[in-house]
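Single-structure report; data block below.
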Amino acid sequence: MKTKYLAALLATTIAVPANADVLVDNVSGITMDEEGKVKRFEALVIDDDGRIAQLIERGEDRPRTEYREDGEGRVMLPGMIDAHAHVMGVGFGALTLDLSDTNSLDEALEKIRTFAAENEARPWILGRGWNQEKWGLGRFPTAAELDSAVADRPVYLERVDGHAGWANTLAMQAAGITAASKAPSGGKIELLADKKTPSGVFIDLAMDLVNKAVPAPRAVERDLALAEAQKVFHRYGITSVADMGTTIEDWQSFRRAGDAGSLNLRIMSYAFGPEQMVLIGGPGPSQWLYDDKLRLNGVKLYLDGALGSRGAWLKRPYADDPGNYGLPLQTPAQLRNNLVRAAQGGFQPAVHAIGTAANAELLNAIDEIAESFDGDRRWRVEHAQIVDPADLPKLADNGIIASMQPLHQTSDRLMAEARLGMDRLDGAYAWNTILDLGGTLAFGSDAPVEPADAFAGYAVAITRMDANGEPFGGWLPSERVNREQALAGFTSKAAYAGFAEGRFGRLLPGERADFILVDNDPLLATPEEIRATKVFETWVNGRKVYEAD
Ligand SMILES: [Zn+2]
């Protein structure tokens, strides 16, 4: 009798953890475990705090819980983590007019007209994505053409590559643009056939002439953008993001959402430069706020530009622009000052470095400074796109994180070949080499530059092929990573890169119950299937935040 009672008590104690609340049963669960290996399971238990209380493997008994969710045999993965994105950029992108799917000027004008009619309260109509090449126009569009769609409000639309802007007459008036206006150096004002009158298109730095007239978004618009961004990430199965370049206004929006209980995306924040770092963080990084949903981790710095505009800083000149090395955006002294200032406050630096010279300079600077700052610093190199093979081993030193974006590889492939030449691509997007050398890879999207599509990124990571299967066999295919490495790059390693390990990124007891239910097992499915993965449900902190129609 006594033995029986004890046995029953013991069984209850083991089977039903304290606070056990929701059992999510009947899933094909996958996570990285403590050893960095893949672990499979069939159910998990979520406690009252939104943490995982228990993982149930095949053949193990289910505890009794208040609620039970049937996973219907679907694949459960940890919520994807985007290690490099721009949260508010994604949100504003979702709120403004997108012309990237238009195939003619007429089609674009119709879309602009409709959008303006549907958004009567907006004082300016803003948007992006137009491409006169795709339209087959053979010239830039004009302000008069834009006036024919919207003449009652200013309209300003960025070209697909972000390197030109198209204004209507009211936008030019608001910006004070006249035939006497001069373009700043590094910019150009397009003119009509009379060679005097501004046509409405502004190139590169001349875009600032119009941009400075565009009213800054109000707090309520920022909050709306954040809400939109959360929807976009959740749809892609992303539950956490490293926000690369948080301003004080962005941070206040994150805080308002956190205070209101509507922050359902974990944001690891990197302030937009040293000034914003101090404005937001004061003497050091913030605490983890709102059940691990927000923390100011560190600071985003820029050491060079991008390959497309030949702003990436190279050791040798551009193959398609002799004499041009690109440009460093900080002097050696500035870079070191900024890194030291961050490190002194315990802020984690995340430095944009694309070209060979930028990466070499950054890796050398970190090597010099790391001696003075012991402890676990996790210096982040953002992009690390084109690294001199001689410098690649340094990416595995000093606890450096290589934060890289698989989708950039497919988007940039042909451009990288043109900019560098075929014989200078050995250290290009060198994921596998970095891992082989002992480095740490965190994967992201750089959204809104690329879609925040983690499964497309995953497919590229394991194939080096684009959505059309090009190039066949993969581009520099030895730099593919394996499926487990890709999963880790988008989950556990991306969490580690933001000092979030043990909090989220894996489906293990004690970590936050952030998970997704999808239709494919990315460790088994074909790359095409992985790319087309359907996200049925997204859960954050033990709560469903998205469900597909
Ligand atoms: Zn970025």
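Ordered as shown in the structure tokens, chains take letters A, B, and onward, while each chain numbers its residues from 1 and ligands are numbered from 1 in the order shown.
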
Using only C-alpha atoms and all ligand atoms, what does the table of chain A residues within 8 Å of ligand 1 look like, with each row giving the shortest atom pair and its distance in Å to one decimal, sorted by chain and ascending number, as a Markdown table?
| residue | atom | partner | partner_atom_place_in_ligand_line | distance |
| --- | --- | --- | --- | --- |
| A:His84 | CA | ligand 1 | 1 (Zn) | 6.2 |
| A:Ala85 | CA | ligand 1 | 1 (Zn) | 5.8 |
| A:His86 | CA | ligand 1 | 1 (Zn) | 6.4 |
| A:Met244 | CA | ligand 1 | 1 (Zn) | 6.1 |
| A:Gly245 | CA | ligand 1 | 1 (Zn) | 8.0 |
| A:His352 | CA | ligand 1 | 1 (Zn) | 7.9 |
| A:Glu382 | CA | ligand 1 | 1 (Zn) | 7.9 |
| A:Asp446 | CA | ligand 1 | 1 (Zn) | 4.6 |
| A:Ala447 | CA | ligand 1 | 1 (Zn) | 7.2 |
| A:Val449 | CA | ligand 1 | 1 (Zn) | 7.4 |

* Asked: So which residues touch Ala149 in chain A within 10 Å, counting only C-alpha atoms, skipping near sequence neighbours fewer than 3 positions away, as a ChimeraX atom specification?
  -> /A:106,108-114,116,144-146,152,155,168

Writing out the chosen residues with C-alpha atoms as a compact mmCIF listing (two decimals), in the first residue's frame:
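Below is the file that was written, part32.txt:
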# COMPACT_ATOMS: atom_id res chain seq x y z
CA ASP A 106 1.78 52.72 -67.01
CA ALA A 108 3.46 51.67 -62.03
CA LEU A 109 1.45 54.89 -62.43
CA GLU A 110 -1.77 52.97 -61.96
CA LYS A 111 -0.42 51.36 -58.80
CA ILE A 112 0.75 54.73 -57.46
CA ARG A 113 -2.68 56.29 -58.18
CA THR A 114 -4.48 53.46 -56.38
CA ALA A 116 -2.58 57.29 -53.00
CA ALA A 144 5.28 65.24 -65.01
CA GLU A 145 4.51 61.55 -65.48
CA LEU A 146 4.29 61.13 -61.72
CA ASP A 152 -2.37 66.73 -54.82
CA VAL A 155 5.37 61.71 -54.02
CA ASN A 168 6.72 64.62 -58.47

* Hey, which of A:Lys39, A:Arg380, A:Arg413, A:Arg424 ends up closest to Leu508 in chain A? Count only C-alpha atoms. -> A:Lys39

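Interatomic distance, CA of Asp391 in chain A to CA of Leu362 in chain A: 10.4 Å.
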
* To do: Tell me which protein, DNA and RNA residues are within 9 Å of Gly542 in chain A, counting only C-alpha atoms, leaving out same-chain ones fewer than 2 positions away, and put them as a PyMOL selection string.
  => chain A and resi 22+46-52+512-515+539-540+544

* Neighbours of Ala454 in chain A within 10 Å (only C-alpha atoms; same-chain residues fewer than 2 positions away dropped), as a list in words? ->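 Those residues are Met80, Ile81, Asp82, Phe233, Tyr236, Gly237, Ile238, Gln405, Pro406, Leu407, Phe443, Gly444, Ser445, Pro451, Ala452, Ala456, Gly457, Tyr458, Ala459, Val460, Leu487, Phe490, Ile530, Arg531 and Thr533 of chain A.
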
Save the residues we just selected, N, CA, C and O atoms, as a compact mmCIF listing (two decimals), in the first residue's frame?
# COMPACT_ATOMS: atom_id res chain seq x y z
N MET A 80 13.15 30.59 -36.17
CA MET A 80 14.36 31.01 -36.87
C MET A 80 14.84 32.34 -36.29
O MET A 80 14.03 33.18 -35.87
N ILE A 81 16.15 32.53 -36.29
CA ILE A 81 16.73 33.78 -35.82
C ILE A 81 17.45 34.45 -36.99
O ILE A 81 18.25 33.81 -37.66
N ASP A 82 17.12 35.68 -37.23
CA ASP A 82 17.78 36.45 -38.28
C ASP A 82 18.89 37.27 -37.61
O ASP A 82 18.59 38.22 -36.88
N PHE A 233 8.19 39.09 -40.10
CA PHE A 233 9.13 38.09 -39.57
C PHE A 233 8.38 36.83 -39.15
O PHE A 233 8.82 35.71 -39.43
N TYR A 236 7.58 34.46 -41.90
CA TYR A 236 8.74 33.68 -42.35
C TYR A 236 9.24 32.70 -41.28
O TYR A 236 10.26 32.06 -41.46
N GLY A 237 8.55 32.62 -40.16
CA GLY A 237 8.97 31.69 -39.11
C GLY A 237 10.11 32.22 -38.26
O GLY A 237 10.79 31.47 -37.58
N ILE A 238 10.32 33.53 -38.31
CA ILE A 238 11.40 34.15 -37.54
C ILE A 238 10.84 34.69 -36.23
O ILE A 238 9.85 35.42 -36.23
N GLN A 405 25.12 36.50 -44.69
CA GLN A 405 23.78 36.45 -45.24
C GLN A 405 23.80 35.62 -46.52
O GLN A 405 24.19 36.12 -47.58
N PRO A 406 23.36 34.36 -46.43
CA PRO A 406 23.42 33.49 -47.61
C PRO A 406 22.77 34.10 -48.85
O PRO A 406 23.31 33.97 -49.96
N LEU A 407 21.64 34.80 -48.70
CA LEU A 407 20.96 35.32 -49.90
C LEU A 407 21.80 36.36 -50.63
O LEU A 407 21.66 36.54 -51.84
N PHE A 443 23.82 33.25 -39.29
CA PHE A 443 23.20 33.58 -40.58
C PHE A 443 22.03 34.56 -40.41
O PHE A 443 21.30 34.52 -39.43
N GLY A 444 21.88 35.41 -41.42
CA GLY A 444 20.78 36.36 -41.42
C GLY A 444 20.40 36.72 -42.84
O GLY A 444 20.82 36.06 -43.80
N SER A 445 19.61 37.80 -42.98
CA SER A 445 19.07 38.13 -44.30
C SER A 445 19.48 39.53 -44.78
O SER A 445 19.49 39.80 -45.96
N PRO A 451 14.74 39.60 -48.89
CA PRO A 451 13.59 39.18 -48.09
C PRO A 451 14.05 38.46 -46.81
O PRO A 451 15.09 37.81 -46.83
N ALA A 452 13.29 38.61 -45.75
CA ALA A 452 13.65 37.97 -44.47
C ALA A 452 13.29 36.49 -44.51
O ALA A 452 12.73 35.95 -43.57
N ALA A 456 14.76 30.29 -47.56
CA ALA A 456 15.50 30.53 -48.80
C ALA A 456 16.99 30.63 -48.48
O ALA A 456 17.84 30.07 -49.19
N GLY A 457 17.32 31.33 -47.39
CA GLY A 457 18.71 31.44 -46.96
C GLY A 457 19.30 30.08 -46.63
O GLY A 457 20.44 29.77 -46.99
N TYR A 458 18.52 29.26 -45.96
CA TYR A 458 18.94 27.90 -45.60
C TYR A 458 19.26 27.10 -46.87
O TYR A 458 20.31 26.44 -46.97
N ALA A 459 18.37 27.20 -47.86
CA ALA A 459 18.57 26.45 -49.12
C ALA A 459 19.85 26.92 -49.81
O ALA A 459 20.61 26.10 -50.35
N VAL A 460 20.09 28.22 -49.83
CA VAL A 460 21.32 28.74 -50.44
C VAL A 460 22.54 28.26 -49.66
O VAL A 460 23.55 27.86 -50.24
N LEU A 487 21.19 24.92 -40.06
CA LEU A 487 20.17 25.05 -39.01
C LEU A 487 20.75 25.80 -37.81
O LEU A 487 20.12 26.71 -37.26
N PHE A 490 21.07 29.55 -38.33
CA PHE A 490 19.82 30.31 -38.24
C PHE A 490 19.11 30.13 -36.88
O PHE A 490 18.01 30.65 -36.69
N ILE A 530 12.91 22.88 -49.22
CA ILE A 530 13.28 23.75 -48.08
C ILE A 530 12.96 25.20 -48.43
O ILE A 530 12.38 25.94 -47.63
N ARG A 531 13.33 25.60 -49.65
CA ARG A 531 13.07 26.97 -50.08
C ARG A 531 11.58 27.29 -50.03
O ARG A 531 11.18 28.41 -49.72
N THR A 533 9.39 25.99 -48.01
CA THR A 533 8.83 25.59 -46.72
C THR A 533 7.63 26.45 -46.34
O THR A 533 7.68 27.68 -46.42

* Asked: Could you name the residues that touch Leu126 in chain A at 8 Å or less, counting only C-alpha atoms, but leaving out those on the same chain fewer than 3 positions away, as a PyMOL selection string?
  -> chain A and resi 96-97+155-157

Can you spit out the residues from that selection as a PDB file, in the first residue's frame, using all heavy atoms?
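Contents of part.pdb, as written:
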ATOM      1  N   THR A  96       4.961  51.128 -47.022  1.00  0.00           N
ATOM      2  CA  THR A  96       5.036  52.046 -48.153  1.00  0.00           C
ATOM      3  C   THR A  96       4.788  51.291 -49.460  1.00  0.00           C
ATOM      4  O   THR A  96       4.721  50.060 -49.493  1.00  0.00           O
ATOM      5  CB  THR A  96       6.391  52.768 -48.200  1.00  0.00           C
ATOM      6  OG1 THR A  96       7.432  51.799 -48.124  1.00  0.00           O
ATOM      7  CG2 THR A  96       6.535  53.738 -47.053  1.00  0.00           C
ATOM      8  N   LEU A  97       4.688  52.078 -50.519  1.00  0.00           N
ATOM      9  CA  LEU A  97       4.335  51.528 -51.816  1.00  0.00           C
ATOM     10  C   LEU A  97       5.492  50.722 -52.400  1.00  0.00           C
ATOM     11  O   LEU A  97       6.627  51.200 -52.455  1.00  0.00           O
ATOM     12  CB  LEU A  97       3.984  52.705 -52.730  1.00  0.00           C
ATOM     13  CG  LEU A  97       3.683  52.445 -54.197  1.00  0.00           C
ATOM     14  CD1 LEU A  97       2.517  51.493 -54.341  1.00  0.00           C
ATOM     15  CD2 LEU A  97       3.383  53.773 -54.871  1.00  0.00           C
ATOM     16  N   VAL A 155       5.076  63.144 -53.857  1.00  0.00           N
ATOM     17  CA  VAL A 155       5.366  61.714 -54.020  1.00  0.00           C
ATOM     18  C   VAL A 155       6.871  61.578 -54.213  1.00  0.00           C
ATOM     19  O   VAL A 155       7.471  62.342 -54.975  1.00  0.00           O
ATOM     20  CB  VAL A 155       4.655  61.131 -55.264  1.00  0.00           C
ATOM     21  CG1 VAL A 155       4.933  59.630 -55.385  1.00  0.00           C
ATOM     22  CG2 VAL A 155       3.154  61.401 -55.224  1.00  0.00           C
ATOM     23  N   TYR A 156       7.452  60.614 -53.502  1.00  0.00           N
ATOM     24  CA  TYR A 156       8.883  60.379 -53.676  1.00  0.00           C
ATOM     25  C   TYR A 156       9.153  58.881 -53.591  1.00  0.00           C
ATOM     26  O   TYR A 156       8.823  58.233 -52.595  1.00  0.00           O
ATOM     27  CB  TYR A 156       9.694  61.130 -52.617  1.00  0.00           C
ATOM     28  CG  TYR A 156      11.184  61.080 -52.895  1.00  0.00           C
ATOM     29  CD1 TYR A 156      11.697  61.485 -54.127  1.00  0.00           C
ATOM     30  CD2 TYR A 156      12.081  60.611 -51.934  1.00  0.00           C
ATOM     31  CE1 TYR A 156      13.056  61.445 -54.384  1.00  0.00           C
ATOM     32  CE2 TYR A 156      13.445  60.583 -52.188  1.00  0.00           C
ATOM     33  CZ  TYR A 156      13.920  60.994 -53.422  1.00  0.00           C
ATOM     34  OH  TYR A 156      15.268  60.940 -53.683  1.00  0.00           O
ATOM     35  N   LEU A 157       9.734  58.350 -54.671  1.00  0.00           N
ATOM     36  CA  LEU A 157       9.863  56.900 -54.808  1.00  0.00           C
ATOM     37  C   LEU A 157      11.306  56.524 -55.130  1.00  0.00           C
ATOM     38  O   LEU A 157      11.890  57.029 -56.090  1.00  0.00           O
ATOM     39  CB  LEU A 157       8.950  56.414 -55.943  1.00  0.00           C
ATOM     40  CG  LEU A 157       7.497  56.890 -55.857  1.00  0.00           C
ATOM     41  CD1 LEU A 157       6.791  56.710 -57.195  1.00  0.00           C
ATOM     42  CD2 LEU A 157       6.766  56.130 -54.756  1.00  0.00           C
TER      43      LEU A 157
END

* List every residue of range 166-391 of chain A that DSSP, applied to the backbone, labels as helix (DSSP H, G or I), and write the result as a PyMOL selection string. => chain A and resi 169-174+207-211+219-235+248-260+273-281+332-345+356-370

* Interatomic distance (Å, one decimal) between CA of Gln330 in chain A and CA of Leu301 in chain A -> 9.3 Å

* **Polymer residues at most 10 Å from Arg266 in chain A, only C-alpha atoms, same-chain spacing of 2 or more positions, as a list in words** => Ile81, Gln230, Ile238, Thr239, Ser240, Val241, Ala242, Asp243, Phe254, Leu263, Asn264, Met268, Ser269, Leu289, Tyr290, Asp291, Asp292, Lys293, Leu294, Arg295, Phe504, Asp514, Val540 and Asn541 of chain A

* Identify, with DSSP run on backbone atoms, the residues in range 275-432 of chain A assigned to strand (DSSP E), and express the list as an MDAnalysis selection string. => chainID A and resid 294:302 348:353 380:383 401:404

* **Best match for closeness to Gly305 in chain A among A:Ser199, A:Thr356, A:Thr491, A:Gln334, counting only C-alpha atoms** =>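 Counting only C-alpha atoms, the residue closest to Gly305 in chain A is A:Thr356.
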
* Which polymer residues have any atom within 7 Å of an atom of Glu69 in chain A, counting only C-alpha atoms, with same-chain residues fewer than 5 positions away left out, as a PyMOL selection string? -> chain A and resi 23-25

Please dump the current selection as a compact mmCIF listing (two decimals), in the first residue's frame; keep N, CA, C and O atoms.
# COMPACT_ATOMS: atom_id res chain seq x y z
N LEU A 23 0.96 21.14 -23.22
CA LEU A 23 1.69 20.07 -23.91
C LEU A 23 1.46 20.24 -25.40
O LEU A 23 0.33 20.26 -25.86
N VAL A 24 2.54 20.42 -26.15
CA VAL A 24 2.42 20.42 -27.60
C VAL A 24 2.89 19.05 -28.06
O VAL A 24 4.07 18.72 -27.98
N ASP A 25 1.92 18.27 -28.48
CA ASP A 25 2.16 16.84 -28.71
C ASP A 25 2.12 16.51 -30.20
O ASP A 25 1.64 17.31 -31.01

* Asked: Between CA of Asp367 in chain A and CA of Pro285 in chain A, what is the distance, to one decimal in Å?
  ->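 Going from CA of Asp367 in chain A over to CA of Pro285 in chain A, I get 22.6 Å.
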
* Structure fact -> Using only C-alpha atoms, the residue out of A:Pro154, A:Pro217, A:Pro527, A:Gly399 with shortest distance to Leu95 in chain A is A:Pro217

* With distances taken over only C-alpha atoms, which of A:Gly91, A:Gly71, A:Pro477, A:Pro141 is nearest to Ser253 in chain A? ->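 Among A:Gly91, A:Gly71, A:Pro477, A:Pro141, it is A:Gly91 that comes nearest to Ser253 in chain A.
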
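Nearest to Lys534 in chain A of all the residues A:Trp379, A:Ala342, A:Arg74, A:Ala442 is A:Arg74, counting only C-alpha atoms.
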
* Asked: Using only C-alpha atoms, which of the listed residues (A:Leu192, A:Ala117, A:Leu226, A:Val210) sits closest to Asp250 in chain A?
  ->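 So, comparing all the options, the nearest one is A:Leu226.
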